[in-house]
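Enquirer: Take a look at work-v7.cif, mmCIF, C-alpha atoms and all ligand atoms:
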```cif
data_entry
#
loop_
_atom_site.label_atom_id
_atom_site.label_comp_id
_atom_site.auth_asym_id
_atom_site.auth_seq_id
_atom_site.Cartn_x
_atom_site.Cartn_y
_atom_site.Cartn_z
CA MET A 1079 -144.29 -128.17 24.00
CA LYS A 1080 -142.05 -125.61 25.71
CA ARG A 1081 -142.06 -121.95 24.74
CA LEU A 1082 -138.58 -122.00 23.14
CA ASP A 1083 -138.64 -125.49 21.62
CA GLY A 1084 -136.73 -125.39 18.33
CA ARG A 1085 -134.97 -122.11 19.17
CA VAL A 1086 -131.18 -121.72 19.39
CA ALA A 1087 -129.61 -119.20 21.78
CA LEU A 1088 -126.05 -117.98 22.32
CA VAL A 1089 -125.27 -116.38 25.70
CA THR A 1090 -121.96 -114.55 26.18
CA GLY A 1091 -120.52 -114.27 29.69
CA ALA A 1092 -122.33 -117.46 30.67
CA SER A 1093 -119.75 -118.67 33.20
CA SER A 1094 -121.29 -116.73 36.11
CA GLY A 1095 -123.95 -114.29 37.24
CA ILE A 1096 -126.65 -113.07 34.87
CA GLY A 1097 -125.32 -115.02 31.87
CA GLU A 1098 -125.27 -118.32 33.74
CA ALA A 1099 -128.82 -117.79 35.05
CA THR A 1100 -129.98 -116.79 31.56
CA ALA A 1101 -128.54 -119.94 30.00
CA VAL A 1102 -130.41 -122.02 32.59
CA ALA A 1103 -133.67 -120.11 32.07
CA LEU A 1104 -133.47 -120.35 28.27
CA ALA A 1105 -132.75 -124.09 28.48
CA GLN A 1106 -135.64 -124.55 30.90
CA ALA A 1107 -137.86 -122.84 28.34
CA GLY A 1108 -136.74 -125.40 25.74
CA ALA A 1109 -133.95 -123.61 23.82
CA ARG A 1110 -130.73 -125.23 22.65
CA VAL A 1111 -127.99 -123.11 24.17
CA ALA A 1112 -124.42 -122.13 23.28
CA ILE A 1113 -122.52 -120.77 26.28
CA ALA A 1114 -119.42 -118.59 25.90
CA ALA A 1115 -116.83 -117.17 28.32
CA ARG A 1116 -113.15 -117.59 29.21
CA ARG A 1117 -113.47 -119.95 32.22
CA ARG A 1118 -113.93 -123.36 30.61
CA ASP A 1119 -114.25 -125.18 33.96
CA ARG A 1120 -117.26 -123.02 34.89
CA LEU A 1121 -118.81 -123.51 31.45
CA GLU A 1122 -118.33 -127.30 31.64
CA ALA A 1123 -119.97 -127.38 35.08
CA LEU A 1124 -122.90 -125.38 33.73
CA ALA A 1125 -123.11 -127.60 30.65
CA SER A 1126 -123.38 -130.67 32.90
CA ARG A 1127 -126.25 -129.04 34.80
CA LEU A 1128 -128.02 -128.12 31.57
CA ARG A 1129 -127.55 -131.58 30.04
CA ALA A 1130 -128.95 -133.13 33.24
CA MET A 1131 -132.07 -131.05 32.55
CA GLY A 1132 -132.22 -132.58 29.05
CA ALA A 1133 -130.87 -129.53 27.23
CA ASP A 1134 -128.64 -129.54 24.14
CA VAL A 1135 -125.56 -127.42 24.93
CA LEU A 1136 -122.46 -126.15 23.11
CA VAL A 1137 -119.51 -124.93 25.20
CA LEU A 1138 -117.48 -122.12 23.60
CA GLU A 1139 -114.31 -121.10 25.42
CA ALA A 1140 -113.89 -117.53 24.26
CA ASP A 1141 -111.96 -114.41 25.18
CA LEU A 1142 -114.03 -111.66 23.59
CA LEU A 1143 -111.13 -109.21 23.87
CA ASP A 1144 -109.65 -111.09 20.93
CA GLU A 1145 -111.18 -109.21 18.01
CA HIS A 1146 -112.08 -112.24 15.87
CA VAL A 1147 -113.64 -114.30 18.65
CA ALA A 1148 -117.10 -112.72 18.53
CA GLN A 1149 -117.47 -113.75 14.88
CA ARG A 1150 -116.05 -117.20 15.66
CA ILE A 1151 -118.53 -118.05 18.43
CA VAL A 1152 -121.49 -117.01 16.26
CA ALA A 1153 -120.17 -119.11 13.37
CA ASP A 1154 -119.52 -122.10 15.67
CA THR A 1155 -123.07 -121.86 17.04
CA GLU A 1156 -124.59 -121.69 13.55
CA ARG A 1157 -122.45 -124.60 12.36
CA HIS A 1158 -123.28 -126.78 15.39
CA PHE A 1159 -127.01 -126.07 15.70
CA GLY A 1160 -127.74 -125.04 12.09
CA LYS A 1161 -128.82 -121.47 12.98
CA LEU A 1162 -128.86 -118.79 15.69
CA ASP A 1163 -132.20 -117.32 16.78
CA ILE A 1164 -131.40 -115.49 20.04
CA LEU A 1165 -128.13 -113.72 20.84
CA VAL A 1166 -127.75 -112.52 24.44
CA ASN A 1167 -124.84 -110.05 24.57
CA ASN A 1168 -124.16 -110.18 28.30
CA ALA A 1169 -120.36 -110.46 28.79
CA GLY A 1170 -119.09 -107.37 30.55
CA VAL A 1171 -116.77 -105.91 33.15
CA MET A 1172 -117.14 -102.92 35.44
CA TYR A 1173 -113.94 -101.02 36.22
CA LEU A 1174 -114.74 -98.03 38.41
CA GLU A 1175 -112.36 -95.27 39.44
CA PRO A 1176 -112.10 -91.48 39.23
CA VAL A 1177 -111.19 -90.20 35.76
CA ILE A 1178 -108.08 -88.38 37.00
CA GLU A 1179 -106.44 -91.57 38.24
CA ALA A 1180 -107.93 -94.08 35.81
CA ASP A 1181 -105.84 -96.82 34.23
CA LEU A 1182 -106.64 -96.11 30.57
CA GLY A 1183 -105.47 -99.57 29.53
CA ARG A 1184 -108.14 -101.17 31.74
CA TRP A 1185 -110.74 -98.73 30.50
CA ARG A 1186 -109.79 -99.50 26.91
CA ARG A 1187 -110.33 -103.22 27.58
CA MET A 1188 -113.71 -102.44 29.20
CA LEU A 1189 -114.80 -100.41 26.15
CA GLU A 1190 -113.62 -103.18 23.85
CA LEU A 1191 -115.51 -105.88 25.76
CA ASN A 1192 -118.68 -104.03 26.77
CA VAL A 1193 -119.19 -102.22 23.46
CA LEU A 1194 -117.02 -103.40 20.58
CA SER A 1195 -117.35 -107.15 21.17
CA LEU A 1196 -121.13 -106.71 21.53
CA ILE A 1197 -121.18 -104.90 18.19
CA ALA A 1198 -119.01 -107.59 16.58
CA SER A 1199 -121.15 -110.53 17.76
CA THR A 1200 -124.29 -108.67 16.70
CA GLN A 1201 -122.88 -107.99 13.24
CA ALA A 1202 -121.89 -111.64 12.90
CA ALA A 1203 -125.39 -112.82 13.86
CA LEU A 1204 -127.32 -110.50 11.55
CA GLY A 1205 -126.49 -112.27 8.27
CA GLY A 1206 -128.19 -115.54 9.23
CA MET A 1207 -131.05 -113.75 10.98
CA ARG A 1208 -131.73 -111.54 7.96
CA ALA A 1209 -131.62 -114.52 5.57
CA ARG A 1210 -134.19 -116.37 7.71
CA ARG A 1211 -136.15 -113.16 8.51
CA ASP A 1212 -136.10 -114.19 12.16
CA GLY A 1213 -133.90 -113.29 15.11
CA HIS A 1214 -133.63 -111.56 18.47
CA ILE A 1215 -130.67 -109.62 19.85
CA VAL A 1216 -130.75 -108.99 23.61
CA ASN A 1217 -128.16 -106.51 24.87
CA ILE A 1218 -127.36 -106.10 28.56
CA SER A 1219 -126.92 -102.47 29.56
CA SER A 1220 -127.49 -101.18 33.11
CA THR A 1221 -129.09 -98.43 35.14
CA ALA A 1222 -125.59 -96.98 34.55
CA GLY A 1223 -126.74 -96.69 30.93
CA ARG A 1224 -129.44 -94.26 32.08
CA ILE A 1225 -127.79 -92.41 34.99
CA ALA A 1226 -124.12 -91.36 35.10
CA ASN A 1227 -122.44 -91.41 38.51
CA PRO A 1228 -119.01 -90.24 39.71
CA ASN A 1229 -116.27 -92.89 39.41
CA ALA A 1230 -118.36 -94.72 36.82
CA ALA A 1231 -117.67 -92.40 33.88
CA ALA A 1232 -116.22 -94.96 31.50
CA TYR A 1233 -118.50 -97.82 32.63
CA SER A 1234 -121.50 -95.53 32.09
CA ALA A 1235 -120.09 -94.54 28.71
CA THR A 1236 -120.10 -98.22 27.72
CA LYS A 1237 -123.65 -98.80 28.95
CA PHE A 1238 -125.08 -95.57 27.45
CA GLY A 1239 -123.31 -96.78 24.29
CA VAL A 1240 -125.12 -100.12 24.45
CA VAL A 1241 -128.48 -98.32 24.73
CA ALA A 1242 -127.71 -96.07 21.76
CA PHE A 1243 -126.38 -98.92 19.65
CA SER A 1244 -129.44 -101.04 20.43
CA GLU A 1245 -131.93 -98.35 19.43
CA ALA A 1246 -130.16 -97.54 16.16
CA LEU A 1247 -129.85 -101.26 15.43
CA ARG A 1248 -133.55 -101.82 16.11
CA ARG A 1249 -134.43 -99.17 13.57
CA GLU A 1250 -132.06 -100.72 11.00
CA VAL A 1251 -133.28 -104.31 11.29
CA HIS A 1252 -136.94 -104.24 12.33
CA ALA A 1253 -137.99 -104.54 8.67
CA ASP A 1254 -136.10 -107.86 8.54
CA ASN A 1255 -138.26 -109.18 11.40
CA ILE A 1256 -135.27 -109.01 13.75
CA ARG A 1257 -136.05 -107.85 17.26
CA VAL A 1258 -133.71 -105.91 19.56
CA SER A 1259 -134.17 -105.64 23.32
CA VAL A 1260 -132.02 -103.85 25.84
CA ILE A 1261 -132.08 -104.86 29.50
CA GLU A 1262 -131.01 -102.34 32.15
CA PRO A 1263 -130.59 -103.99 35.54
CA GLY A 1264 -129.91 -102.15 38.78
CA VAL A 1265 -127.85 -103.84 41.49
CA VAL A 1266 -127.57 -107.59 40.95
CA GLU A 1267 -125.74 -109.92 43.34
CA THR A 1268 -122.93 -111.30 41.13
CA GLU A 1269 -119.12 -111.32 40.86
CA LEU A 1270 -119.12 -108.06 38.88
CA ARG A 1271 -118.04 -105.79 41.75
CA GLU A 1272 -115.12 -108.07 42.67
CA HIS A 1273 -113.01 -106.62 39.84
CA ILE A 1274 -113.20 -102.99 40.98
CA GLY A 1275 -109.60 -102.01 41.71
CA HIS A 1276 -110.28 -98.64 43.38
CA ALA A 1277 -110.73 -99.56 47.06
CA ALA A 1278 -112.82 -96.57 48.16
CA THR A 1279 -115.23 -96.99 45.24
CA LYS A 1280 -115.52 -100.73 45.82
CA ASP A 1281 -116.16 -100.26 49.55
CA SER A 1282 -118.86 -97.69 48.99
CA LEU A 1283 -120.57 -99.76 46.28
CA ASP A 1284 -120.39 -102.92 48.40
CA ALA A 1285 -121.92 -101.03 51.34
CA TRP A 1286 -124.67 -99.64 49.10
CA ALA A 1287 -125.44 -103.10 47.72
CA ALA A 1288 -125.47 -104.59 51.23
CA SER A 1289 -128.02 -101.98 52.28
CA MET A 1290 -130.66 -103.42 49.95
CA ARG A 1291 -132.27 -106.64 48.86
CA GLN A 1292 -130.30 -107.03 45.63
CA LEU A 1293 -131.69 -108.50 42.44
CA GLN A 1294 -130.66 -112.09 41.89
CA PRO A 1295 -129.31 -113.15 38.47
CA GLU A 1296 -132.48 -115.22 37.99
CA ASP A 1297 -134.60 -112.04 38.23
CA VAL A 1298 -132.80 -110.60 35.22
CA ALA A 1299 -132.93 -113.95 33.40
CA ASP A 1300 -136.73 -113.90 33.86
CA ALA A 1301 -136.88 -110.51 32.15
CA ILE A 1302 -134.80 -111.82 29.25
CA VAL A 1303 -137.00 -114.90 28.85
CA PHE A 1304 -140.06 -112.62 28.90
CA CYS A 1305 -138.60 -110.62 25.97
CA VAL A 1306 -137.75 -113.63 23.83
CA THR A 1307 -141.02 -115.49 24.39
CA ARG A 1308 -143.35 -112.76 23.10
CA PRO A 1309 -145.15 -113.40 19.80
CA SER A 1310 -143.07 -112.34 16.80
CA HIS A 1311 -145.04 -109.11 16.23
CA VAL A 1312 -144.13 -107.90 19.77
CA ASN A 1313 -140.70 -106.33 20.34
CA VAL A 1314 -140.02 -105.47 23.97
CA ASN A 1315 -137.49 -102.72 23.29
CA GLU A 1316 -136.30 -102.02 26.81
CA ILE A 1317 -136.62 -103.34 30.36
CA LEU A 1318 -135.33 -101.26 33.28
CA ILE A 1319 -135.33 -103.48 36.37
CA ARG A 1320 -134.19 -102.31 39.81
CA PRO A 1321 -134.30 -103.80 43.28
CA THR A 1322 -137.35 -102.40 45.07
CA ASP A 1323 -134.94 -100.94 47.64
CA GLN A 1324 -132.78 -99.14 45.03
CA GLU A 1325 -133.73 -95.50 44.71
CA ARG A 1326 -131.42 -94.14 41.98
P1 LIG B 1 -120.21 -111.50 36.31
O1 LIG B 1 -118.85 -110.98 36.62
O2 LIG B 1 -120.76 -112.61 37.14
O3 LIG B 1 -120.29 -111.97 34.79
C1 LIG B 1 -119.51 -111.40 33.77
C2 LIG B 1 -119.35 -112.42 32.66
O4 LIG B 1 -118.59 -111.82 31.59
C3 LIG B 1 -118.62 -113.66 33.11
O5 LIG B 1 -119.25 -114.81 32.60
C4 LIG B 1 -117.24 -113.49 32.50
O6 LIG B 1 -116.70 -114.79 32.19
C5 LIG B 1 -117.57 -112.74 31.22
N1 LIG B 1 -116.39 -112.08 30.68
C6 LIG B 1 -115.60 -111.16 31.31
N2 LIG B 1 -114.55 -110.85 30.51
C7 LIG B 1 -114.69 -111.58 29.37
C8 LIG B 1 -113.92 -111.74 28.18
N3 LIG B 1 -112.78 -111.04 27.98
N4 LIG B 1 -114.35 -112.59 27.24
C9 LIG B 1 -115.48 -113.31 27.42
N5 LIG B 1 -116.25 -113.22 28.51
C10 LIG B 1 -115.86 -112.37 29.48
O7 LIG B 1 -121.18 -110.24 36.35
P2 LIG B 1 -122.70 -110.01 35.94
O8 LIG B 1 -123.41 -111.27 35.70
O9 LIG B 1 -123.24 -109.05 36.91
O10 LIG B 1 -122.52 -109.22 34.56
C11 LIG B 1 -123.17 -109.56 33.35
C12 LIG B 1 -123.57 -108.28 32.63
O11 LIG B 1 -124.55 -107.60 33.40
C13 LIG B 1 -122.44 -107.28 32.39
O12 LIG B 1 -122.55 -106.75 31.09
C14 LIG B 1 -122.71 -106.20 33.44
O13 LIG B 1 -122.21 -104.95 33.05
C15 LIG B 1 -124.23 -106.23 33.46
N6 LIG B 1 -124.84 -105.65 34.65
C16 LIG B 1 -124.60 -106.14 35.91
C17 LIG B 1 -125.15 -105.54 37.03
C18 LIG B 1 -124.85 -106.00 38.42
O14 LIG B 1 -125.21 -105.26 39.39
N7 LIG B 1 -124.26 -107.15 38.63
C19 LIG B 1 -126.08 -104.41 36.89
C20 LIG B 1 -126.31 -104.00 35.53
C21 LIG B 1 -125.72 -104.60 34.47
P3 LIG B 1 -115.14 -115.19 32.23
O15 LIG B 1 -114.50 -114.43 33.34
O16 LIG B 1 -115.22 -116.67 32.47
O17 LIG B 1 -114.64 -114.85 30.87
#
```
Translate the structure described by the file into structure tokens.
Expert:
Amino acid sequence: MKRLDGRVALVTGASSGIGEATAVALAQAGARVAIAARRRDRLEALASRLRAMGADVLVLEADLLDEHVAQRIVADTERHFGKLDILVNNAGVMYLEPVIEADLGRWRRMLELNVLSLIASTQAALGGMRARRDGHIVNISSTAGRIANPNAAAYSATKFGVVAFSEALRREVHADNIRVSVIEPGVVETELREHIGHAATKDSLDAWAASMRQLQPEDVADAIVFCVTRPSHVNVNEILIRPTDQER
């Protein structure tokens, strides 16, 4: 008997990085897993790996910037597997640049993905969880949700927002036996920094990351699995996890 036998998880942003590693870790622990992102080829490759491990997988090609997609992937998961126990809201982008020269269109899309789509998928999942008096929402914030740095104003606003949303949500739904956890990783070696358009910011962040032994996506996945495998009376509200070498 594995720790998550019988449980159903949905992981957003599962086509790379933390989401991909989390889908693998949840499947290894026995969960049935729905995996969502835009890049279908990456999701299909991951699904093949998971099925080779004996896992039951649902691939959901999804652009979460489309406002109805968050609800759709939750509904598809519930229809396919009969329920949704664990929602990992991981999909996110990090657009960094000084406020004075920021592309507000890009920042709007980042706010929509990192905050509004997370809220929408959470709202969609709560109905089934409340009816069954069982569920766990895991939201991925960041150390940038605890410390605000120059050139990261809007990214930090999204991640502080995720922390605030998670705490208010926890207080709203704990009486329904629904748990809420927020994970705040420091520097993780993924594709996230590749999308930074501002060259000077990207160079300095890349140099900073190269100066340390970065977290690997599997390290964060371990923290998520820890949260969702506690007994039902234990709610791990928050995990802040940095590389040992990361000071701030
Ligand atoms: P990746 O870039 O590897 O993963 C981001 C994921 O989000 C991808 O699967 C991507 O899939 C998905 N995504 C992006 N845009 C959309 C969209 N419009 N619709 C659906 N999915 C989308 O980076 P990470 O694994 O590092 O990032 C995962 C989370 O971790 C993010 O929320 C990030 O802010 C957070 N984080 C990362 C840290 C780090 O240092 N790496 C530190 C702290 C937090 P696709 O492109 O296929 O749609």
Enquirer: Once 3 Å is added on each side, what centre and edge lengths in Å to one decimal does the axis-aligned box around all listed atoms of segment 1130-1149 of chain A have, as lines of an AutoDock Vina configuration file?
Expert:
```
center_x = -120.9
center_y = -121.2
center_z = 24.1
size_x = 28.6
size_y = 29.9
size_z = 24.4
```
Enquirer: Near segment 1114-1119 of chain A, counting only C-alpha atoms, which residues have an atom at most 7 Å away, once you skip same-chain residues fewer than 5 positions from it, shown as JSON, numbers by chain?
Expert: {"A": [1089, 1090, 1091, 1092, 1093, 1137, 1138, 1139, 1140, 1141]}
Enquirer: How many Å lie between atom CA of Ile1178 of chain A and atom CA of Ala1242 of chain A, rounded to one decimal?
Expert: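 About the pair atom CA of Ile1178 of chain A and atom CA of Ala1242 of chain A: they are 26.0 Å apart.
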Enquirer: If we count all atoms listed in the file, what is near segment 1095-1102 of chain A at a cut-off of 10 Å, once residues fewer than 3 positions away on the same chain are taken out, given as a compact mmCIF listing (two decimals) with C-alpha atoms, keeping the file's coordinate frame?
Expert:
```txt
# COMPACT_ATOMS: atom_id res chain seq x y z
CA ALA A 1087 -129.61 -119.20 21.78
CA LEU A 1088 -126.05 -117.98 22.32
CA VAL A 1089 -125.27 -116.38 25.70
CA THR A 1090 -121.96 -114.55 26.18
CA GLY A 1091 -120.52 -114.27 29.69
CA ALA A 1092 -122.33 -117.46 30.67
CA ALA A 1105 -132.75 -124.09 28.48
CA GLN A 1106 -135.64 -124.55 30.90
CA ALA A 1107 -137.86 -122.84 28.34
CA GLY A 1108 -136.74 -125.40 25.74
CA ALA A 1109 -133.95 -123.61 23.82
CA ARG A 1110 -130.73 -125.23 22.65
CA VAL A 1111 -127.99 -123.11 24.17
CA ALA A 1112 -124.42 -122.13 23.28
CA ILE A 1113 -122.52 -120.77 26.28
CA ALA A 1114 -119.42 -118.59 25.90
CA ALA A 1115 -116.83 -117.17 28.32
CA ARG A 1120 -117.26 -123.02 34.89
CA LEU A 1121 -118.81 -123.51 31.45
CA LEU A 1124 -122.90 -125.38 33.73
CA ALA A 1125 -123.11 -127.60 30.65
CA ARG A 1127 -126.25 -129.04 34.80
CA LEU A 1128 -128.02 -128.12 31.57
CA MET A 1131 -132.07 -131.05 32.55
CA ALA A 1133 -130.87 -129.53 27.23
CA VAL A 1135 -125.56 -127.42 24.93
CA VAL A 1166 -127.75 -112.52 24.44
CA ASN A 1167 -124.84 -110.05 24.57
CA ASN A 1168 -124.16 -110.18 28.30
CA ALA A 1169 -120.36 -110.46 28.79
CA GLY A 1170 -119.09 -107.37 30.55
CA ILE A 1218 -127.36 -106.10 28.56
CA PRO A 1263 -130.59 -103.99 35.54
CA VAL A 1266 -127.57 -107.59 40.95
CA GLU A 1267 -125.74 -109.92 43.34
CA THR A 1268 -122.93 -111.30 41.13
CA GLU A 1269 -119.12 -111.32 40.86
CA LEU A 1270 -119.12 -108.06 38.88
CA GLN A 1294 -130.66 -112.09 41.89
CA PRO A 1295 -129.31 -113.15 38.47
CA GLU A 1296 -132.48 -115.22 37.99
CA ASP A 1297 -134.60 -112.04 38.23
CA VAL A 1298 -132.80 -110.60 35.22
CA ALA A 1299 -132.93 -113.95 33.40
CA ASP A 1300 -136.73 -113.90 33.86
CA ALA A 1301 -136.88 -110.51 32.15
CA ILE A 1302 -134.80 -111.82 29.25
CA VAL A 1303 -137.00 -114.90 28.85
```
Enquirer: Point out the residue among A:Glu1156, A:Asp1144, A:Glu1179, A:Asp1134 with the least atom-to-atom distance to His1276 of chain A, counting only C-alpha atoms.
Expert: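 Using only C-alpha atoms, His1276 of chain A sits closest to A:Glu1179.
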Enquirer: May I have the residues within 9 Å of Ile1274 of chain A as a list in words, using only C-alpha atoms and disregarding those fewer than 3 positions away in the same chain?
Expert: Met1172, Tyr1173, Leu1174, Glu1175, Leu1270, Arg1271, Ala1277, Thr1279 and Lys1280 of chain A
Enquirer: Report, in Å with one decimal, the straight-line distance from atom CA of Lys1080 of chain A to atom CA of Ser1310 of chain A.
Expert: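 These atoms are spaced 16.0 Å apart.
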Enquirer: So what do you get for atom CA of Arg1187 of chain A versus atom CA of Gly1206 of chain A, distance-wise?
Expert: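 Pair atom CA of Arg1187 of chain A / atom CA of Gly1206 of chain A returns 28.4 Å.
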Enquirer: Could you check which of A:Asp1323, A:Glu1122, A:Glu1262, A:Asp1154 is closest to ligand LIG 1 (chain B), using only C-alpha atoms and all ligand atoms?
Expert: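 Ranking A:Asp1323, A:Glu1122, A:Glu1262, A:Asp1154 by distance to ligand LIG 1 (chain B), first place goes to A:Glu1262.
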Enquirer: Which residue is closest to ligand LIG 1 (chain B)? Choose from A:His1214, A:Arg1291, A:Lys1237, A:Arg1257 and count all atoms listed in the file.
Expert: A:Lys1237
Enquirer: Write out as a VMD selection string the residues lying within 7 Å of segment 1199-1201 of chain A, counting only C-alpha atoms and excluding same-chain residues fewer than 5 positions away.
Expert: chain A and resid 1148 to 1149 1152
Enquirer: Find the residues near Cys1305 of chain A: any atom within 9 Å, counting all atoms listed in the file, skip ones fewer than 6 places away on the same chain, and give them as a VMD selection string.
Expert: chain A and resid 1216 1259 1312 to 1317
Enquirer: Considering all atoms listed in the file, can you say which of A:Leu1143, A:Ala1232, A:Ile1215, A:Ala1103 comes closest to Ala1202 of chain A?
Expert: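 Result for the nearest residue to Ala1202 of chain A: A:Ile1215.
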Enquirer: Smallest atom-to-atom distance to ligand LIG 1 (chain B): which of A:Ala1209, A:Ala1235, A:Ala1246, A:Leu1082, using all atoms listed in the file?
Expert: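 Using all atoms listed in the file, the shortest distance to ligand LIG 1 (chain B) belongs to A:Ala1235.
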